[in-house]
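Colleague: What follows is query.cif, mmCIF, C-alpha atoms and all ligand atoms; chains and numbers go by the auth columns.
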data_target
#
loop_
_atom_site.group_PDB
_atom_site.id
_atom_site.type_symbol
_atom_site.label_atom_id
_atom_site.label_comp_id
_atom_site.label_asym_id
_atom_site.label_seq_id
_atom_site.Cartn_x
_atom_site.Cartn_y
_atom_site.Cartn_z
_atom_site.B_iso_or_equiv
_atom_site.auth_seq_id
_atom_site.auth_asym_id
ATOM 1 C CA MET A 1 0.000 0.000 0.000 0.00 11 Z
ATOM 2 C CA LEU A 2 1.409 3.394 -0.973 0.00 12 Z
ATOM 3 C CA GLN A 3 1.469 5.974 1.798 0.00 13 Z
ATOM 4 C CA ARG A 4 3.176 9.291 2.392 0.00 14 Z
ATOM 5 C CA VAL A 5 6.623 8.660 3.820 0.00 15 Z
ATOM 6 C CA GLN A 6 6.009 10.970 6.793 0.00 16 Z
ATOM 7 C CA LYS A 7 2.931 8.888 7.642 0.00 17 Z
ATOM 8 C CA ILE A 8 4.904 5.652 7.436 0.00 18 Z
ATOM 9 C CA LEU A 9 7.544 7.090 9.757 0.00 19 Z
ATOM 10 C CA ALA A 10 4.898 8.249 12.221 0.00 20 Z
ATOM 11 C CA GLN A 11 3.157 4.862 12.195 0.00 21 Z
ATOM 12 C CA ALA A 12 6.476 3.130 12.742 0.00 22 Z
ATOM 13 C CA GLY A 13 6.982 5.263 15.839 0.00 23 Z
ATOM 14 C CA VAL A 14 10.073 7.005 14.449 0.00 24 Z
ATOM 15 C CA ALA A 15 8.669 10.501 15.047 0.00 25 Z
ATOM 16 C CA SER A 16 5.452 12.487 14.920 0.00 26 Z
ATOM 17 C CA ARG A 17 4.292 13.365 11.419 0.00 27 Z
ATOM 18 C CA ARG A 18 5.586 16.923 11.783 0.00 28 Z
ATOM 19 C CA LYS A 19 8.982 15.749 13.052 0.00 29 Z
ATOM 20 C CA ALA A 20 9.085 13.156 10.264 0.00 30 Z
ATOM 21 C CA GLU A 21 8.645 15.982 7.763 0.00 31 Z
ATOM 22 C CA GLU A 22 11.605 17.725 9.355 0.00 32 Z
ATOM 23 C CA LEU A 23 13.699 14.564 9.007 0.00 33 Z
ATOM 24 C CA ILE A 24 12.731 14.393 5.332 0.00 34 Z
ATOM 25 C CA ALA A 25 13.489 18.087 4.808 0.00 35 Z
ATOM 26 C CA GLN A 26 16.895 17.572 6.438 0.00 36 Z
ATOM 27 C CA GLY A 27 17.645 14.874 3.846 0.00 37 Z
ATOM 28 C CA ARG A 28 17.922 12.140 6.456 0.00 38 Z
ATOM 29 C CA VAL A 29 15.362 9.795 4.891 0.00 39 Z
ATOM 30 C CA THR A 30 15.938 7.583 1.868 0.00 40 Z
ATOM 31 C CA VAL A 31 13.689 5.199 -0.024 0.00 41 Z
ATOM 32 C CA ASN A 32 15.506 2.511 -2.002 0.00 42 Z
ATOM 33 C CA GLY A 33 18.692 4.513 -1.780 0.00 43 Z
ATOM 34 C CA THR A 34 17.303 7.859 -2.931 0.00 44 Z
ATOM 35 C CA ASN A 35 16.557 10.885 -0.754 0.00 45 Z
ATOM 36 C CA VAL A 36 12.822 11.518 -0.489 0.00 46 Z
ATOM 37 C CA LYS A 37 10.921 14.787 -0.632 0.00 47 Z
ATOM 38 C CA ILE A 38 8.024 15.758 1.614 0.00 48 Z
ATOM 39 C CA GLY A 39 4.794 14.391 0.194 0.00 49 Z
ATOM 40 C CA GLN A 40 6.461 11.516 -1.634 0.00 50 Z
ATOM 41 C CA SER A 41 4.875 8.090 -1.164 0.00 51 Z
ATOM 42 C CA ALA A 42 6.339 4.661 -0.554 0.00 52 Z
ATOM 43 C CA ASP A 43 5.207 1.151 0.274 0.00 53 Z
ATOM 44 C CA ALA A 44 6.298 0.274 3.801 0.00 54 Z
ATOM 45 C CA GLU A 45 6.212 -3.437 3.015 0.00 55 Z
ATOM 46 C CA LYS A 46 8.072 -3.372 -0.288 0.00 56 Z
ATOM 47 C CA ASP A 47 10.372 -0.361 -0.207 0.00 57 Z
ATOM 48 C CA ARG A 48 13.558 -0.026 1.814 0.00 58 Z
ATOM 49 C CA ILE A 49 13.112 3.042 3.970 0.00 59 Z
ATOM 50 C CA LEU A 50 16.076 4.318 5.984 0.00 60 Z
ATOM 51 C CA VAL A 51 16.420 7.145 8.495 0.00 61 Z
ATOM 52 C CA ASP A 52 20.033 8.163 9.075 0.00 62 Z
ATOM 53 C CA GLY A 53 20.979 4.962 7.302 0.00 63 Z
ATOM 54 C CA LYS A 54 18.962 2.776 9.674 0.00 64 Z
ATOM 55 C CA PRO A 55 16.020 0.695 8.411 0.00 65 Z
ATOM 56 C CA VAL A 56 12.536 1.645 9.568 0.00 66 Z
ATOM 57 C CA ARG A 57 10.468 -1.280 10.627 0.00 67 Z
ATOM 58 C CA SER A 58 6.863 -0.624 9.767 0.00 68 Z
ATOM 59 C CA GLU A 59 4.419 -1.527 12.483 0.00 69 Z
ATOM 60 C CA ARG A 60 1.893 -4.178 11.528 0.00 70 Z
ATOM 61 C CA PHE A 61 -1.700 -3.481 12.432 0.00 71 Z
ATOM 62 C CA VAL A 62 -2.925 -5.229 15.547 0.00 72 Z
ATOM 63 C CA TYR A 63 -6.483 -5.492 16.828 0.00 73 Z
ATOM 64 C CA ILE A 64 -7.073 -6.435 20.430 0.00 74 Z
ATOM 65 C CA LEU A 65 -10.269 -7.188 22.251 0.00 75 Z
ATOM 66 C CA LEU A 66 -10.088 -6.517 25.983 0.00 76 Z
ATOM 67 C CA ASN A 67 -12.609 -7.197 28.723 0.00 77 Z
ATOM 68 C CA LYS A 68 -12.058 -4.006 30.719 0.00 78 Z
ATOM 69 C CA PRO A 69 -12.492 -4.539 34.453 0.00 79 Z
ATOM 70 C CA LEU A 70 -13.803 -1.894 36.845 0.00 80 Z
ATOM 71 C CA ASN A 71 -11.564 1.013 37.885 0.00 81 Z
ATOM 72 C CA VAL A 72 -9.486 1.064 34.710 0.00 82 Z
ATOM 73 C CA VAL A 73 -9.538 4.136 32.484 0.00 83 Z
ATOM 74 C CA THR A 74 -9.977 3.870 28.727 0.00 84 Z
ATOM 75 C CA SER A 75 -6.899 5.827 27.697 0.00 85 Z
ATOM 76 C CA VAL A 76 -3.248 5.286 26.911 0.00 86 Z
ATOM 77 C CA SER A 77 -1.946 7.199 29.914 0.00 87 Z
ATOM 78 C CA ASP A 78 -3.539 8.869 32.881 0.00 88 Z
ATOM 79 C CA PRO A 79 -2.316 12.104 34.489 0.00 89 Z
ATOM 80 C CA LEU A 80 -3.741 10.905 37.822 0.00 90 Z
ATOM 81 C CA GLY A 81 -1.748 7.685 37.662 0.00 91 Z
ATOM 82 C CA ARG A 82 -4.781 5.425 37.466 0.00 92 Z
ATOM 83 C CA LYS A 83 -4.558 2.072 35.727 0.00 93 Z
ATOM 84 C CA THR A 84 -5.271 2.315 31.990 0.00 94 Z
ATOM 85 C CA VAL A 85 -6.407 -0.203 29.392 0.00 95 Z
ATOM 86 C CA ARG A 86 -2.924 0.111 27.893 0.00 96 Z
ATOM 87 C CA ASP A 87 -1.417 -1.192 31.151 0.00 97 Z
ATOM 88 C CA LEU A 88 -3.482 -4.348 30.737 0.00 98 Z
ATOM 89 C CA VAL A 89 -2.329 -5.027 27.183 0.00 99 Z
ATOM 90 C CA PRO A 90 1.483 -5.179 27.175 0.00 100 Z
ATOM 91 C CA VAL A 91 2.061 -5.404 23.418 0.00 101 Z
ATOM 92 C CA GLN A 92 4.888 -3.578 21.680 0.00 102 Z
ATOM 93 C CA GLU A 93 2.744 -1.892 19.062 0.00 103 Z
ATOM 94 C CA ARG A 94 1.391 1.555 19.878 0.00 104 Z
ATOM 95 C CA VAL A 95 -2.231 0.528 20.290 0.00 105 Z
ATOM 96 C CA PHE A 96 -4.904 2.879 21.599 0.00 106 Z
ATOM 97 C CA PRO A 97 -8.522 2.307 22.615 0.00 107 Z
ATOM 98 C CA VAL A 98 -11.276 2.923 20.072 0.00 108 Z
ATOM 99 C CA GLY A 99 -13.871 5.090 21.784 0.00 109 Z
ATOM 100 C CA ARG A 100 -14.391 5.188 25.500 0.00 110 Z
ATOM 101 C CA LEU A 101 -15.973 3.191 28.269 0.00 111 Z
ATOM 102 C CA ASP A 102 -16.502 4.697 31.715 0.00 112 Z
ATOM 103 C CA ARG A 103 -14.101 3.807 34.496 0.00 113 Z
ATOM 104 C CA ASN A 104 -16.979 2.240 36.434 0.00 114 Z
ATOM 105 C CA ALA A 105 -18.215 0.293 33.401 0.00 115 Z
ATOM 106 C CA THR A 106 -16.841 -3.063 32.259 0.00 116 Z
ATOM 107 C CA GLY A 107 -16.614 -5.042 29.072 0.00 117 Z
ATOM 108 C CA LEU A 108 -15.500 -4.875 25.497 0.00 118 Z
ATOM 109 C CA VAL A 109 -12.852 -2.371 24.504 0.00 119 Z
ATOM 110 C CA LEU A 110 -11.128 -2.612 21.145 0.00 120 Z
ATOM 111 C CA LEU A 111 -7.512 -1.463 20.987 0.00 121 Z
ATOM 112 C CA THR A 112 -5.654 -1.010 17.735 0.00 122 Z
ATOM 113 C CA ASN A 113 -2.919 0.952 15.994 0.00 123 Z
ATOM 114 C CA ASP A 114 -5.060 1.157 12.840 0.00 124 Z
ATOM 115 C CA GLY A 115 -6.062 4.818 12.866 0.00 125 Z
ATOM 116 C CA ALA A 116 -8.219 4.622 9.746 0.00 126 Z
ATOM 117 C CA LEU A 117 -10.310 1.798 11.175 0.00 127 Z
ATOM 118 C CA ALA A 118 -10.627 3.550 14.548 0.00 128 Z
ATOM 119 C CA ASN A 119 -11.825 6.757 12.874 0.00 129 Z
ATOM 120 C CA ARG A 120 -14.445 4.898 10.894 0.00 130 Z
ATOM 121 C CA MET A 121 -15.718 3.112 13.996 0.00 131 Z
ATOM 122 C CA MET A 122 -16.220 6.414 15.759 0.00 132 Z
ATOM 123 C CA HIS A 123 -17.684 8.210 12.750 0.00 133 Z
ATOM 124 C CA PRO A 124 -21.456 8.810 13.113 0.00 134 Z
ATOM 125 C CA ARG A 125 -22.035 7.853 9.468 0.00 135 Z
ATOM 126 C CA TYR A 126 -20.905 4.271 10.068 0.00 136 Z
ATOM 127 C CA GLU A 127 -22.888 4.001 13.275 0.00 137 Z
ATOM 128 C CA THR A 128 -21.123 1.064 14.846 0.00 138 Z
ATOM 129 C CA ALA A 129 -23.682 -0.569 17.143 0.00 139 Z
ATOM 130 C CA LYS A 130 -22.679 -0.851 20.762 0.00 140 Z
ATOM 131 C CA THR A 131 -24.507 -3.372 22.902 0.00 141 Z
ATOM 132 C CA TYR A 132 -24.731 -2.933 26.650 0.00 142 Z
ATOM 133 C CA VAL A 133 -26.161 -4.820 29.586 0.00 143 Z
ATOM 134 C CA ALA A 134 -27.374 -2.361 32.204 0.00 144 Z
ATOM 135 C CA THR A 135 -28.301 -3.296 35.751 0.00 145 Z
ATOM 136 C CA LEU A 136 -30.774 -0.746 37.044 0.00 146 Z
ATOM 137 C CA SER A 137 -31.557 0.494 40.531 0.00 147 Z
ATOM 138 C CA SER A 138 -35.252 -0.247 39.943 0.00 148 Z
ATOM 139 C CA PRO A 139 -37.170 -3.088 38.276 0.00 149 Z
ATOM 140 C CA VAL A 140 -37.499 -3.190 34.512 0.00 150 Z
ATOM 141 C CA THR A 141 -41.154 -2.559 33.649 0.00 151 Z
ATOM 142 C CA PRO A 142 -43.048 -3.015 30.359 0.00 152 Z
ATOM 143 C CA SER A 143 -43.479 0.742 30.180 0.00 153 Z
ATOM 144 C CA LEU A 144 -39.740 1.316 30.582 0.00 154 Z
ATOM 145 C CA LEU A 145 -39.020 -1.125 27.749 0.00 155 Z
ATOM 146 C CA GLU A 146 -41.610 0.545 25.557 0.00 156 Z
ATOM 147 C CA ARG A 147 -40.269 4.041 26.169 0.00 157 Z
ATOM 148 C CA LEU A 148 -36.735 2.804 25.544 0.00 158 Z
ATOM 149 C CA GLN A 149 -37.742 1.415 22.160 0.00 159 Z
ATOM 150 C CA LYS A 150 -39.658 4.547 21.207 0.00 160 Z
ATOM 151 C CA GLY A 151 -36.588 6.675 21.873 0.00 161 Z
ATOM 152 C CA ILE A 152 -35.573 9.099 24.590 0.00 162 Z
ATOM 153 C CA VAL A 153 -34.378 12.634 24.051 0.00 163 Z
ATOM 154 C CA VAL A 154 -31.023 13.156 25.743 0.00 164 Z
ATOM 155 C CA GLU A 155 -29.650 16.695 25.621 0.00 165 Z
ATOM 156 C CA ASP A 156 -31.838 17.686 22.659 0.00 166 Z
ATOM 157 C CA ARG A 157 -31.150 14.587 20.579 0.00 167 Z
ATOM 158 C CA LYS A 158 -33.209 11.448 20.391 0.00 168 Z
ATOM 159 C CA VAL A 159 -31.489 8.160 21.211 0.00 169 Z
ATOM 160 C CA LEU A 160 -32.997 5.053 19.699 0.00 170 Z
ATOM 161 C CA ALA A 161 -32.313 1.813 21.514 0.00 171 Z
ATOM 162 C CA LYS A 162 -32.478 -1.320 19.381 0.00 172 Z
ATOM 163 C CA ASP A 163 -32.684 -5.032 20.217 0.00 173 Z
ATOM 164 C CA VAL A 164 -33.995 -4.204 23.682 0.00 174 Z
ATOM 165 C CA GLU A 165 -34.378 -7.294 25.855 0.00 175 Z
ATOM 166 C CA GLN A 166 -35.039 -7.799 29.533 0.00 176 Z
ATOM 167 C CA LEU A 167 -32.458 -10.203 30.992 0.00 177 Z
ATOM 168 C CA GLY A 168 -33.476 -10.139 34.658 0.00 178 Z
ATOM 169 C CA PRO A 169 -35.698 -8.260 37.123 0.00 179 Z
ATOM 170 C CA ASN A 170 -33.397 -5.214 37.001 0.00 180 Z
ATOM 171 C CA MET A 171 -31.366 -6.042 33.945 0.00 181 Z
ATOM 172 C CA VAL A 172 -31.786 -4.981 30.348 0.00 182 Z
ATOM 173 C CA ARG A 173 -29.765 -5.382 27.162 0.00 183 Z
ATOM 174 C CA LEU A 174 -29.861 -2.708 24.479 0.00 184 Z
ATOM 175 C CA SER A 175 -27.934 -1.604 21.403 0.00 185 Z
ATOM 176 C CA ILE A 176 -27.290 2.007 20.512 0.00 186 Z
ATOM 177 C CA HIS A 177 -25.494 3.571 17.598 0.00 187 Z
ATOM 178 C CA GLU A 178 -23.836 6.544 19.148 0.00 188 Z
ATOM 179 C CA GLY A 179 -20.938 7.348 21.402 0.00 189 Z
ATOM 180 C CA ARG A 180 -21.923 10.385 23.442 0.00 190 Z
ATOM 181 C CA LYS A 181 -20.293 10.432 26.871 0.00 191 Z
ATOM 182 C CA HIS A 182 -22.314 8.594 29.575 0.00 192 Z
ATOM 183 C CA ILE A 183 -25.090 8.122 27.034 0.00 193 Z
ATOM 184 C CA VAL A 184 -26.556 4.908 28.482 0.00 194 Z
ATOM 185 C CA LYS A 185 -26.553 6.297 32.006 0.00 195 Z
ATOM 186 C CA LYS A 186 -28.230 9.496 30.802 0.00 196 Z
ATOM 187 C CA LEU A 187 -30.770 7.476 28.864 0.00 197 Z
ATOM 188 C CA PHE A 188 -31.910 5.693 32.006 0.00 198 Z
ATOM 189 C CA VAL A 189 -31.880 8.872 34.070 0.00 199 Z
ATOM 190 C CA GLY A 190 -34.309 10.168 31.421 0.00 200 Z
ATOM 191 C CA LEU A 191 -36.466 7.143 32.189 0.00 201 Z
ATOM 192 C CA GLY A 192 -36.492 7.905 35.906 0.00 202 Z
ATOM 193 C CA THR A 193 -34.051 5.250 37.012 0.00 203 Z
ATOM 194 C CA HIS A 194 -30.298 4.803 37.503 0.00 204 Z
ATOM 195 C CA VAL A 195 -27.632 2.474 36.089 0.00 205 Z
ATOM 196 C CA ASP A 196 -25.925 0.585 38.921 0.00 206 Z
ATOM 197 C CA ALA A 197 -23.692 -1.491 36.654 0.00 207 Z
ATOM 198 C CA LEU A 198 -22.893 -1.247 32.975 0.00 208 Z
ATOM 199 C CA GLN A 199 -21.205 -3.789 30.764 0.00 209 Z
ATOM 200 C CA ARG A 200 -20.478 -3.516 27.030 0.00 210 Z
ATOM 201 C CA VAL A 201 -20.976 -6.923 25.470 0.00 211 Z
ATOM 202 C CA ALA A 202 -20.644 -6.174 21.762 0.00 212 Z
ATOM 203 C CA LEU A 203 -19.210 -3.612 19.387 0.00 213 Z
ATOM 204 C CA GLY A 204 -20.370 -3.937 15.784 0.00 214 Z
ATOM 205 C CA PRO A 205 -19.754 -7.540 14.766 0.00 215 Z
ATOM 206 C CA LEU A 206 -17.430 -8.175 17.753 0.00 216 Z
ATOM 207 C CA SER A 207 -18.661 -9.750 20.945 0.00 217 Z
ATOM 208 C CA LEU A 208 -17.120 -10.213 24.349 0.00 218 Z
ATOM 209 C CA GLY A 209 -17.897 -13.925 24.565 0.00 219 Z
ATOM 210 C CA THR A 210 -16.365 -15.695 27.541 0.00 220 Z
ATOM 211 C CA LEU A 211 -13.320 -13.450 27.931 0.00 221 Z
ATOM 212 C CA GLN A 212 -12.727 -12.888 31.661 0.00 222 Z
ATOM 213 C CA PRO A 213 -12.400 -9.369 33.163 0.00 223 Z
ATOM 214 C CA GLY A 214 -8.836 -8.141 32.613 0.00 224 Z
ATOM 215 C CA ALA A 215 -8.181 -10.726 29.876 0.00 225 Z
ATOM 216 C CA TRP A 216 -7.543 -9.840 26.242 0.00 226 Z
ATOM 217 C CA ARG A 217 -7.019 -11.562 22.917 0.00 227 Z
ATOM 218 C CA ALA A 218 -6.115 -10.632 19.358 0.00 228 Z
ATOM 219 C CA LEU A 219 -9.003 -10.584 16.919 0.00 229 Z
ATOM 220 C CA THR A 220 -9.021 -13.501 14.516 0.00 230 Z
ATOM 221 C CA ASP A 221 -8.421 -12.792 10.833 0.00 231 Z
ATOM 222 C CA ALA A 222 -12.091 -13.542 10.209 0.00 232 Z
ATOM 223 C CA GLU A 223 -13.140 -10.960 12.823 0.00 233 Z
ATOM 224 C CA VAL A 224 -10.869 -8.321 11.274 0.00 234 Z
ATOM 225 C CA ARG A 225 -12.363 -9.076 7.849 0.00 235 Z
ATOM 226 C CA GLN A 226 -15.910 -8.814 9.240 0.00 236 Z
ATOM 227 C CA LEU A 227 -15.102 -5.560 10.957 0.00 237 Z
ATOM 228 C CA ARG A 228 -13.554 -4.021 7.841 0.00 238 Z
ATOM 229 C CA GLN A 229 -16.540 -5.170 5.817 0.00 239 Z
ATOM 230 C CA ALA A 230 -18.972 -3.635 8.315 0.00 240 Z
ATOM 231 C CA LEU A 231 -17.047 -0.351 8.019 0.00 241 Z
ATOM 232 C CA ALA A 232 -16.844 -0.500 4.223 0.00 242 Z
ATOM 233 C CA LEU A 233 -13.034 -0.403 4.404 0.00 243 Z
HETATM 234 N N1 LIG B . -22.754 4.890 28.150 0.00 301 E
HETATM 235 C C1 LIG B . -22.357 5.192 29.389 0.00 301 E
HETATM 236 O O1 LIG B . -23.116 5.757 30.156 0.00 301 E
HETATM 237 N N2 LIG B . -21.115 4.864 29.755 0.00 301 E
HETATM 238 C C2 LIG B . -20.251 4.225 28.928 0.00 301 E
HETATM 239 O O2 LIG B . -19.120 3.943 29.314 0.00 301 E
HETATM 240 C C3 LIG B . -20.670 3.917 27.638 0.00 301 E
HETATM 241 C C4 LIG B . -21.937 4.264 27.265 0.00 301 E
#
Represent the structure from my file as structure tokens, please.
Ligand code: URA
Modeller:
Amino acid sequence: MLQRVQKILAQAGVASRRKAEELIAQGRVTVNGTNVKIGQSADAEKDRILVDGKPVRSERFVYILLNKPLNVVTSVSDPLGRKTVRDLVPVQERVFPVGRLDRNATGLVLLTNDGALANRMMHPRYETAKTYVATLSSPVTPSLLERLQKGIVVEDRKVLAKDVEQLGPNMVRLSIHEGRKHIVKKLFVGLGTHVDALQRVALGPLSLGTLQPGAWRALTDAEVRQLRQALAL
């Protein structure tokens, strides 16, 4: 795949894109023995790219499914020193979480170094479905289920819950297609109740399955294919 050389360098962790441009401008980057210019493209898998005479190893894309436990923040680092999802996934590649899941929520978090795929997943147009199991502070009633299916206005925008199913006296599963902060909790506040526990069990075609809290695994090739297909990539 042809990509701008500065992008390849950034993905390989050599430098930020801006710094990579500086390296190129300083004549320190060659492709197949020839100095490159800013904006020039190369194929990270086929071309020999050197910085200061040293080969750049391009980072392969990795896709990791984590069952986030409680009290872990969905970020790469935390200024308050709290445990992050990155701490739980000690891979070499520079993976980052796709979207967010509250610290006091559990379940499926996808981590990847594939920026294009992550952007698509978070883009409203592609509407990746997110499926949650919410345990409520009050019993699930037929009227609550009905109102949930009809849609609730949260901060001036209607949220439609799909595939709504009662799983227990206080427990309901629902799928939503948006990623506003605390959206599920706000949805139930709008219905006059409160979410005591929240678990994400699926994200698009990916599901949590039997993965234990704190455990992670790489997506299978078939899962990556399904995901790319769902995102029209
Ligand atoms: N909705 C919430 O309220 N919290 C999450 O973490 C995700 C969706």
Colleague: Can you build me a table of chain Z residues sitting at most 8 Å from ligand LIG 301 (chain E), with the closest atom pair per residue and its distance in Å to one decimal, using all atoms listed in the file, sorted by chain and residue number, as a Markdown table?
Modeller:
| residue | atom | partner | partner_atom | distance |
| --- | --- | --- | --- | --- |
| Z:Arg110 | CA | E:LIG301 | O2 | 6.2 |
| Z:Leu111 | CA | E:LIG301 | O2 | 3.4 |
| Z:Asp112 | CA | E:LIG301 | O2 | 3.6 |
| Z:Arg113 | CA | E:LIG301 | O2 | 7.2 |
| Z:Asn114 | CA | E:LIG301 | O2 | 7.6 |
| Z:Ala115 | CA | E:LIG301 | O2 | 5.6 |
| Z:Thr116 | CA | E:LIG301 | O2 | 7.9 |
| Z:Tyr142 | CA | E:LIG301 | C4 | 7.7 |
| Z:Gly189 | CA | E:LIG301 | C4 | 6.7 |
| Z:Arg190 | CA | E:LIG301 | C4 | 7.2 |
| Z:Lys191 | CA | E:LIG301 | C1 | 6.2 |
| Z:His192 | CA | E:LIG301 | O1 | 3.0 |
| Z:Ile193 | CA | E:LIG301 | N1 | 4.1 |
| Z:Val194 | CA | E:LIG301 | N1 | 3.8 |
| Z:Lys195 | CA | E:LIG301 | O1 | 3.9 |
| Z:Lys196 | CA | E:LIG301 | O1 | 6.4 |
| Z:Leu197 | CA | E:LIG301 | O1 | 8.0 |
| Z:Leu208 | CA | E:LIG301 | N2 | 7.1 |
| Z:Arg210 | CA | E:LIG301 | C3 | 7.5 |
Colleague: Could you tell me which of Z:Asn129, Z:Asn180, Z:Gln36, Z:Gln222 comes closest to Ala144 of chain Z if we count only C-alpha atoms?
Modeller: Z:Asn180
Colleague: Would you kindly return, as a ChimeraX atom specification, each protein, DNA or RNA residue with an atom no farther than 9 Å from any atom of Leu184 of chain Z, considering all atoms listed in the file and excluding same-chain residues fewer than 3 positions away?
Modeller: /Z:140-144,158,171-176
Colleague: As JSON, please report the centre and edge lengths, rounded to one decimal in Å, of the axis-aligned box that holds all listed atoms of segment 176-181 of chain Z with 5 Å of padding on each of the six sides.
Modeller:
{"center_x": -33.5, "center_y": -7.7, "center_z": 33.3, "size_x": 14.3, "size_y": 15.0, "size_z": 17.6}
Colleague: Give the answer as one residue: which of Z:Lys168, Z:Arg238, Z:Arg227, Z:Arg58 has the shortest atom-to-atom distance to Pro215 of chain Z, using all atoms listed in the file?
Modeller: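 Of Z:Lys168, Z:Arg238, Z:Arg227, Z:Arg58, the one nearest Pro215 of chain Z is Z:Arg238, counting all atoms listed in the file.
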Colleague: Go through the shown structure with the PyMOL selection byres (((chain Z and resi 237) around 10) and not hetatm) and write out the matching residues as a compact mmCIF listing (two decimals) with C-alpha atoms, in the frame of the given file.
Modeller:
# COMPACT_ATOMS: atom_id res chain seq x y z
CA LEU Z 127 -10.31 1.80 11.18
CA MET Z 131 -15.72 3.11 14.00
CA THR Z 138 -21.12 1.06 14.85
CA LEU Z 213 -19.21 -3.61 19.39
CA GLY Z 214 -20.37 -3.94 15.78
CA PRO Z 215 -19.75 -7.54 14.77
CA LEU Z 216 -17.43 -8.18 17.75
CA LEU Z 229 -9.00 -10.58 16.92
CA ASP Z 231 -8.42 -12.79 10.83
CA ALA Z 232 -12.09 -13.54 10.21
CA GLU Z 233 -13.14 -10.96 12.82
CA VAL Z 234 -10.87 -8.32 11.27
CA ARG Z 235 -12.36 -9.08 7.85
CA GLN Z 236 -15.91 -8.81 9.24
CA ARG Z 238 -13.55 -4.02 7.84
CA GLN Z 239 -16.54 -5.17 5.82
CA ALA Z 240 -18.97 -3.64 8.32
CA LEU Z 241 -17.05 -0.35 8.02
CA ALA Z 242 -16.84 -0.50 4.22
CA LEU Z 243 -13.03 -0.40 4.40
Colleague: Considering all atoms listed in the file, state which residue in the set Z:Met132, Z:Met11, Z:Ile48, Z:Ala126 is at the smallest distance from Arg27 of chain Z.
Modeller: Z:Ile48
Colleague: One decimal, in Å: what's the spacing between atom CA of Leu118 of chain Z and atom CA of Asn77 of chain Z?
Modeller: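 So the answer is 4.9 Å.
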Colleague: Work out how far atom CA of Pro100 of chain Z is from atom CA of Asp57 of chain Z, in Å to one decimal.
Modeller: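 We find that atom CA of Asp57 of chain Z and atom CA of Pro100 of chain Z lie 29.2 Å from each other.
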Colleague: The PyMOL selection byres (((chain Z and resi 121) around 8) and not hetatm) on the file shown: which residues, as a compact mmCIF listing (two decimals) with C-alpha atoms, in the frame of the given file?
Modeller:
# COMPACT_ATOMS: atom_id res chain seq x y z
CA TYR Z 73 -6.48 -5.49 16.83
CA ILE Z 74 -7.07 -6.44 20.43
CA LEU Z 75 -10.27 -7.19 22.25
CA LEU Z 76 -10.09 -6.52 25.98
CA VAL Z 105 -2.23 0.53 20.29
CA PHE Z 106 -4.90 2.88 21.60
CA PRO Z 107 -8.52 2.31 22.62
CA VAL Z 108 -11.28 2.92 20.07
CA VAL Z 119 -12.85 -2.37 24.50
CA LEU Z 120 -11.13 -2.61 21.14
CA THR Z 122 -5.65 -1.01 17.74
CA ASN Z 123 -2.92 0.95 15.99
Colleague: Would you mind listing what lies within 12 Å of Ala25 of chain Z as a ChimeraX atom specification, with only C-alpha atoms counted and same-chain residues fewer than 4 positions away left out?
Modeller: /Z:15-21,29-34,61,66
Colleague: Nearest to Val182 of chain Z among Z:Ser26, Z:Gln102, Z:Thr151, Z:Ser217, with distances taken over all atoms listed in the file: which residue is it?
Modeller: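 Among Z:Ser26, Z:Gln102, Z:Thr151, Z:Ser217, it is Z:Thr151 that comes nearest to Val182 of chain Z.
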